[in-house]
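Enquirer: Dumping the structure here so I can ask a few things about it.
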Amino acid sequence: MAVNMKGKSFLTLMDLSAQEIRYLLDLAHDLKAKKNMGLNGQALKGKNIVLLFEKTSTRTRCSFEVAVRDEGGGVTYLDPGSSQMGKKESLEDTARVLGRFFDGIEYRGFDQQAVVELARHSGVPVFNGLTDLDHPTQILADMMTMEEHINKPLRECKVAFIGDVRNNMSYAWMFGCCKMGVDFVGYGPQELIDGIDQELLSACRAEGEKTGCHIKISDQLDDLKGADVLYSDIWASMGEEELIPQRAKLLAPFRIDDNMVQATENPNVIFMHCLPSFHDFNTKLAKDWIDKGVDIREVTDEVFRGPHSVVFDEAENRMHTIKAVMVATV
């Protein structure tokens with residue numbers, strides 16, 4: 001079936017069909033191969049993309065900027081101090097203005113509804129670079145990385161997300177897995193399991209019934225058996241720094257280490273992480289907290305730097321999948 005995503009926004013994988021996600025992955029693989037051969041395209045020639053950032057990022061900003069320029073387009077970056085959105089100008093007014101200037105809008109911030117409203121009022125494709133609910137560009141890159149490192153189709157894979165099973169990466173994985181028929185296990189403490197959005201979980205399970213995806217939320221280590229991917233994220237997101245001590249105490253038993261890797265009983269399991277990661281004490285935040293007796297590492301350095309880790313391939317693939325999204329939609 002032919003896929004045409006021209007003019008379509010990329011807000012959540014739940015909005016896309018499996019065929020559309022497959023198309024984006026195939027396009028990303030193709031664009032990566034061409035870049036590796038020194039062949040950049042002109043799909044965005046004469047096009048301009050604006051990046052609206054209410055949350056900072058290294059990989060998301062760089063991925064969008066390099067991807068746009070690789071395809072011959074122009075890019076404008078607006079940090080929180082460079083935009084009046086939500087302060088002196090409503091989100092709707094901002095969307096209508098930017099839609100007159102630009103051919104696509106990326107938003108990275110807090111409220112999922114903000115990216116929805118931008119898409120509703122701008123008249124141009126809008127790309128979700130991260131919200132408190134979702135991170136679809138990351139999941140697309142993660143699935144691309146799985147296809148590069150796991151020798152079987154996505155629909156035969158099992159992903160285990162470890163830690164805060166209520167956070168945006170856990171939800172984003174559920175969205176992607178239920179659409180593509182990938183089994184998903186969310187492994188974390190019961191206290192956080194109790195906080196999962198049940199309506200969202202039910203929607204993912206209903207979608208999973210169509211694709212063969214099984215979703216399980218568990219605090220039992222045995223449920224990691226057969227996992228092809230162990231996935232982690234930092235324990236306190238931006239804006240939650242005051243929660244670090246209690247999160248570290250609660251999640252310390254769920255730190256990914258060699259024993260957890262062994263618990264999968266899969267010698268070929270890969271470790272993935274959306275980055276940035278606390279895996280040693282070489283960052284100011286990790287050092288400051290360990291000096292106070294609090295270990296905030298969600299993964300040991302042995303796993304992060306070890307043979308199972310593909311985190312830097314994964315980080316690179318953000319650029320290729322983001323490029324694919326823009327080439328397909330703009």
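Starting from 1 in every chain, residues are counted up; chains themselves are A, B, ... following the order of the structure tokens, and ligands are numbered from 1 as listed.
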Counting only C-alpha atoms, give me one row per residue of region 50-72 of chain A with an atom at most 12 Å from an atom of region 268-290 of chain A, showing the shortest contact pair and its distance in Å to one decimal, sorted by chain then residue number, as JSON lines.

Expert:
{"residue": "A:Thr56", "atom": "CA", "partner": "A:Pro276", "partner_atom": "CA", "distance": 11.5}
{"residue": "A:Ser57", "atom": "CA", "partner": "A:Pro276", "partner_atom": "CA", "distance": 9.1}
{"residue": "A:Thr58", "atom": "CA", "partner": "A:Pro276", "partner_atom": "CA", "distance": 8.7}
{"residue": "A:Arg59", "atom": "CA", "partner": "A:Leu275", "partner_atom": "CA", "distance": 8.4}
{"residue": "A:Thr60", "atom": "CA", "partner": "A:Cys274", "partner_atom": "CA", "distance": 10.5}

Enquirer: Just list as a list of chain:residue names whatever in region 43-87 of chain A DSSP marks as strand (DSSP E).

Expert: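 DSSP on the backbone gives strand (DSSP E) at A:Asn48, A:Ile49, A:Val50, A:Leu51, A:Leu52, A:Phe53, A:Gly74, A:Val75, A:Thr76, A:Tyr77, A:Leu78.
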
Enquirer: Could you write out the selected residues, including N, CA, C and O atoms, as a CSV table (one decimal), in the first residue's frame?

Expert:
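Contents of part11.csv, as written:
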chain,number,residue,atom,x,y,z
A,48,ASN,N,11.8,26.0,5.4
A,48,ASN,CA,12.3,26.5,6.6
A,48,ASN,C,11.6,25.9,7.8
A,48,ASN,O,10.3,25.8,7.8
A,49,ILE,N,12.3,25.4,8.8
A,49,ILE,CA,11.8,24.8,9.9
A,49,ILE,C,12.2,25.6,11.2
A,49,ILE,O,13.3,26.0,11.3
A,50,VAL,N,11.2,25.8,12.1
A,50,VAL,CA,11.5,26.4,13.3
A,50,VAL,C,11.5,25.4,14.5
A,50,VAL,O,10.6,24.5,14.5
A,51,LEU,N,12.4,25.6,15.4
A,51,LEU,CA,12.5,24.7,16.6
A,51,LEU,C,12.1,25.5,17.8
A,51,LEU,O,12.8,26.4,18.2
A,52,LEU,N,11.0,25.1,18.4
A,52,LEU,CA,10.5,25.7,19.7
A,52,LEU,C,10.9,24.9,20.9
A,52,LEU,O,10.4,23.8,21.0
A,53,PHE,N,11.8,25.4,21.7
A,53,PHE,CA,12.3,24.6,22.8
A,53,PHE,C,12.0,25.3,24.1
A,53,PHE,O,12.4,26.3,24.4
A,74,GLY,N,16.4,25.5,5.7
A,74,GLY,CA,16.9,26.5,6.7
A,74,GLY,C,16.2,26.2,8.0
A,74,GLY,O,15.1,25.6,8.1
A,75,VAL,N,16.9,26.5,9.1
A,75,VAL,CA,16.4,26.2,10.4
A,75,VAL,C,16.6,27.4,11.3
A,75,VAL,O,17.6,28.1,11.3
A,76,THR,N,15.6,27.7,12.2
A,76,THR,CA,15.6,28.7,13.2
A,76,THR,C,15.4,28.1,14.6
A,76,THR,O,14.4,27.3,14.7
A,77,TYR,N,16.2,28.4,15.5
A,77,TYR,CA,16.1,27.9,16.9
A,77,TYR,C,15.6,29.0,17.8
A,77,TYR,O,16.1,30.1,17.9
A,78,LEU,N,14.5,28.7,18.6
A,78,LEU,CA,13.9,29.6,19.6
A,78,LEU,C,14.0,28.9,20.9
A,78,LEU,O,13.3,28.0,21.2

Enquirer: Within 12 Å of Val68 (chain A), counting only C-alpha atoms, which residues qualify if same-chain residues fewer than 2 places away don't, as a ChimeraX atom specification?

Expert: /A:40-51,61-66,70-77,103-106,319-327,330

Enquirer: Go ahead and save the residues from that selection, with N, CA, C and O atoms, as a short mmCIF file (atom, residue, chain, number, x, y, z; two decimals), in the first residue's frame.

Expert:
data_model
loop_
_atom_site.label_atom_id
_atom_site.label_comp_id
_atom_site.auth_asym_id
_atom_site.auth_seq_id
_atom_site.Cartn_x
_atom_site.Cartn_y
_atom_site.Cartn_z
N ASN A 40 23.84 13.77 0.25
CA ASN A 40 22.74 14.48 0.89
C ASN A 40 21.72 14.90 -0.16
O ASN A 40 22.06 15.14 -1.31
N GLY A 41 20.46 14.97 0.26
CA GLY A 41 19.40 15.28 -0.68
C GLY A 41 19.03 16.75 -0.68
O GLY A 41 19.66 17.58 -0.03
N GLN A 42 17.97 17.05 -1.41
CA GLN A 42 17.45 18.41 -1.50
C GLN A 42 15.95 18.44 -1.22
O GLN A 42 15.24 19.32 -1.69
N ALA A 43 15.49 17.46 -0.43
CA ALA A 43 14.06 17.35 -0.17
C ALA A 43 13.50 18.56 0.57
O ALA A 43 12.31 18.87 0.45
N LEU A 44 14.35 19.28 1.31
CA LEU A 44 13.88 20.45 2.07
C LEU A 44 14.42 21.75 1.48
O LEU A 44 14.35 22.80 2.13
N LYS A 45 14.89 21.71 0.25
CA LYS A 45 15.39 22.93 -0.39
C LYS A 45 14.27 23.95 -0.49
O LYS A 45 13.16 23.66 -0.94
N GLY A 46 14.56 25.16 -0.05
CA GLY A 46 13.55 26.21 -0.06
C GLY A 46 12.57 26.15 1.09
O GLY A 46 11.65 26.97 1.17
N LYS A 47 12.75 25.19 1.99
CA LYS A 47 11.87 25.03 3.15
C LYS A 47 12.56 25.55 4.41
O LYS A 47 13.78 25.50 4.54
N ASN A 48 11.76 26.02 5.36
CA ASN A 48 12.28 26.53 6.62
C ASN A 48 11.55 25.89 7.79
O ASN A 48 10.32 25.80 7.78
N ILE A 49 12.33 25.44 8.77
CA ILE A 49 11.80 24.76 9.95
C ILE A 49 12.17 25.57 11.19
O ILE A 49 13.30 26.03 11.33
N VAL A 50 11.20 25.76 12.09
CA VAL A 50 11.48 26.44 13.35
C VAL A 50 11.45 25.42 14.49
O VAL A 50 10.61 24.51 14.52
N LEU A 51 12.39 25.58 15.41
CA LEU A 51 12.50 24.69 16.57
C LEU A 51 12.12 25.48 17.83
O LEU A 51 12.81 26.43 18.20
N ARG A 61 17.94 18.97 19.45
CA ARG A 61 18.27 20.17 18.68
C ARG A 61 19.26 19.86 17.56
O ARG A 61 19.06 20.25 16.41
N CYS A 62 20.33 19.17 17.89
CA CYS A 62 21.34 18.88 16.88
C CYS A 62 20.78 18.01 15.76
O CYS A 62 21.11 18.20 14.59
N SER A 63 19.96 17.04 16.13
CA SER A 63 19.37 16.15 15.12
C SER A 63 18.53 16.93 14.12
O SER A 63 18.64 16.73 12.90
N PHE A 64 17.67 17.82 14.63
CA PHE A 64 16.83 18.60 13.73
C PHE A 64 17.66 19.55 12.88
O PHE A 64 17.44 19.67 11.67
N GLU A 65 18.62 20.22 13.49
CA GLU A 65 19.40 21.21 12.73
C GLU A 65 20.22 20.55 11.64
O GLU A 65 20.24 21.01 10.49
N VAL A 66 20.92 19.46 11.97
CA VAL A 66 21.74 18.78 10.95
C VAL A 66 20.85 18.16 9.88
O VAL A 66 21.16 18.24 8.69
N ASP A 70 21.15 19.04 6.01
CA ASP A 70 21.53 17.95 5.10
C ASP A 70 20.62 17.91 3.87
O ASP A 70 21.06 17.53 2.78
N GLU A 71 19.36 18.29 4.08
CA GLU A 71 18.39 18.22 2.97
C GLU A 71 18.15 19.58 2.34
O GLU A 71 17.16 19.80 1.64
N GLY A 72 19.05 20.53 2.59
CA GLY A 72 19.02 21.80 1.88
C GLY A 72 18.09 22.85 2.44
O GLY A 72 17.86 23.88 1.80
N GLY A 73 17.56 22.65 3.66
CA GLY A 73 16.62 23.59 4.23
C GLY A 73 17.25 24.58 5.19
O GLY A 73 18.44 24.52 5.49
N GLY A 74 16.43 25.51 5.67
CA GLY A 74 16.86 26.48 6.67
C GLY A 74 16.22 26.18 8.00
O GLY A 74 15.11 25.65 8.07
N VAL A 75 16.91 26.53 9.09
CA VAL A 75 16.39 26.22 10.41
C VAL A 75 16.59 27.41 11.35
O VAL A 75 17.61 28.11 11.30
N THR A 76 15.58 27.66 12.19
CA THR A 76 15.63 28.72 13.20
C THR A 76 15.36 28.10 14.56
O THR A 76 14.38 27.35 14.72
N TYR A 77 16.21 28.41 15.54
CA TYR A 77 16.05 27.88 16.89
C TYR A 77 15.55 28.97 17.83
O TYR A 77 16.12 30.07 17.88
N ASP A 103 7.68 26.21 7.19
CA ASP A 103 7.06 25.05 6.55
C ASP A 103 6.89 23.88 7.50
O ASP A 103 6.26 22.87 7.15
N GLY A 104 7.45 23.98 8.70
CA GLY A 104 7.32 22.95 9.71
C GLY A 104 7.73 23.51 11.06
O GLY A 104 8.56 24.42 11.14
N ILE A 105 7.14 22.98 12.13
CA ILE A 105 7.40 23.47 13.49
C ILE A 105 7.73 22.27 14.38
O ILE A 105 6.95 21.31 14.46
N GLU A 106 8.88 22.34 15.04
CA GLU A 106 9.21 21.35 16.07
C GLU A 106 8.95 21.97 17.43
O GLU A 106 9.26 23.14 17.66
N MET A 319 19.04 11.51 14.40
CA MET A 319 19.17 12.41 13.25
C MET A 319 18.53 11.79 12.00
O MET A 319 17.81 12.46 11.26
N HIS A 320 18.78 10.52 11.78
CA HIS A 320 18.29 9.89 10.55
C HIS A 320 16.77 9.73 10.56
O HIS A 320 16.11 9.93 9.53
N THR A 321 16.20 9.37 11.71
CA THR A 321 14.75 9.21 11.77
C THR A 321 14.03 10.55 11.75
O THR A 321 12.97 10.69 11.14
N ILE A 322 14.60 11.55 12.42
CA ILE A 322 14.02 12.89 12.36
C ILE A 322 14.07 13.43 10.94
O ILE A 322 13.11 14.06 10.46
N LYS A 323 15.16 13.17 10.25
CA LYS A 323 15.24 13.59 8.85
C LYS A 323 14.15 12.90 8.03
O LYS A 323 13.48 13.53 7.19
N ALA A 324 13.93 11.62 8.29
CA ALA A 324 12.91 10.88 7.56
C ALA A 324 11.52 11.49 7.81
O ALA A 324 10.70 11.62 6.87
N VAL A 325 11.23 11.84 9.06
CA VAL A 325 9.93 12.45 9.38
C VAL A 325 9.73 13.74 8.59
O VAL A 325 8.66 13.97 8.00
N MET A 326 10.74 14.59 8.54
CA MET A 326 10.59 15.86 7.84
C MET A 326 10.52 15.68 6.33
O MET A 326 9.73 16.35 5.65
N VAL A 327 11.35 14.79 5.79
CA VAL A 327 11.31 14.53 4.35
C VAL A 327 9.95 13.99 3.94
O VAL A 327 9.39 14.36 2.90
N VAL A 330 7.10 17.26 5.09
CA VAL A 330 7.24 18.65 4.63
C VAL A 330 7.39 18.69 3.11
O VAL A 330 6.74 19.48 2.44
#

Enquirer: Identify all residues of region 10-243 of chain A in alpha helix (DSSP H) (DSSP on the backbone) and supply them as a PyMOL selection string.

Expert: chain A and resi 18-36+59-70+91-101+112-122+136-149+168-180+190-193+198-211

Enquirer: Residues within 8 Å of region 244-253 of chain A, please, as a PyMOL selection string. Count only C-alpha atoms; anything in the same chain fewer than 3 positions from it doesn't count.

Expert: chain A and resi 163-164+188-189+235-236+240-241+294-296+298

Enquirer: Any idea what the distance is between CA of Ala67 (chain A) and CA of Arg155 (chain A)?

Expert: 28.3 Å

Enquirer: Please list as a VMD selection string every residue within 10 Å of Gly181 (chain A), counting only C-alpha atoms and excluding residues in the same chain fewer than 2 positions away.

Expert: chain A and resid 18 153 to 158 176 to 179 183 to 184 207 to 214

Enquirer: Write the selection just made, keeping C-alpha atoms, as a tab-separated table (two decimals), in the first residue's frame?

Expert:
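Below you can see result.tsv, which holds the result:
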chain	number	residue	atom	x	y	z
A	18	ALA	CA	1.85	0.51	11.30
A	153	PRO	CA	11.64	-8.63	12.89
A	154	LEU	CA	10.32	-6.06	15.35
A	155	ARG	CA	7.12	-8.04	15.83
A	156	GLU	CA	9.17	-10.91	17.31
A	157	CYS	CA	10.99	-8.67	19.80
A	158	LYS	CA	10.45	-7.91	23.47
A	176	GLY	CA	5.28	2.27	19.63
A	177	CYS	CA	5.08	-1.35	20.72
A	178	CYS	CA	1.31	-1.64	20.44
A	179	LYS	CA	1.43	-0.19	16.93
A	183	ASP	CA	5.98	-7.14	23.29
A	184	PHE	CA	6.51	-4.69	26.15
A	207	GLU	CA	-4.40	-1.53	20.00
A	208	GLY	CA	-2.01	-4.35	20.85
A	209	GLU	CA	-4.74	-6.91	20.39
A	210	LYS	CA	-4.78	-5.96	16.70
A	211	THR	CA	-1.02	-6.33	16.22
A	212	GLY	CA	-0.09	-9.18	18.58
A	213	CYS	CA	1.60	-6.94	21.15
A	214	HIS	CA	1.46	-8.08	24.78

Enquirer: To one decimal place in Å, what is the distance between CA of Asn128 (chain A) and CA of Ala328 (chain A)?

Expert: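 Spanning CA of Asn128 (chain A) to CA of Ala328 (chain A) is a straight-line distance of 14.9 Å.
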
Enquirer: To one decimal in Å, tell me the separation between CA of Gly123 (chain A) and CA of Thr94 (chain A).

Expert: 11.8 Å

Enquirer: Counting only C-alpha atoms, what is within 7 Å of region 139-152 of chain A, bar same-chain residues fewer than 6 positions away, as a ChimeraX atom specification?

Expert: /A:25,172-173,176,313-314,317-318,321

Enquirer: Considering only C-alpha atoms, state which residue in the set A:Ser170, A:Thr137, A:Asn266, A:Gln112 is at the smallest distance from Leu24 (chain A).

Expert: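 With only C-alpha atoms as the atom set, the closest residue is A:Thr137.
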
Enquirer: So, counting only C-alpha atoms, which residue among A:Ile162, A:Leu192, A:Val115, A:Leu201 is closest to Tyr231 (chain A)?

Expert: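 Closest candidate: A:Ile162.
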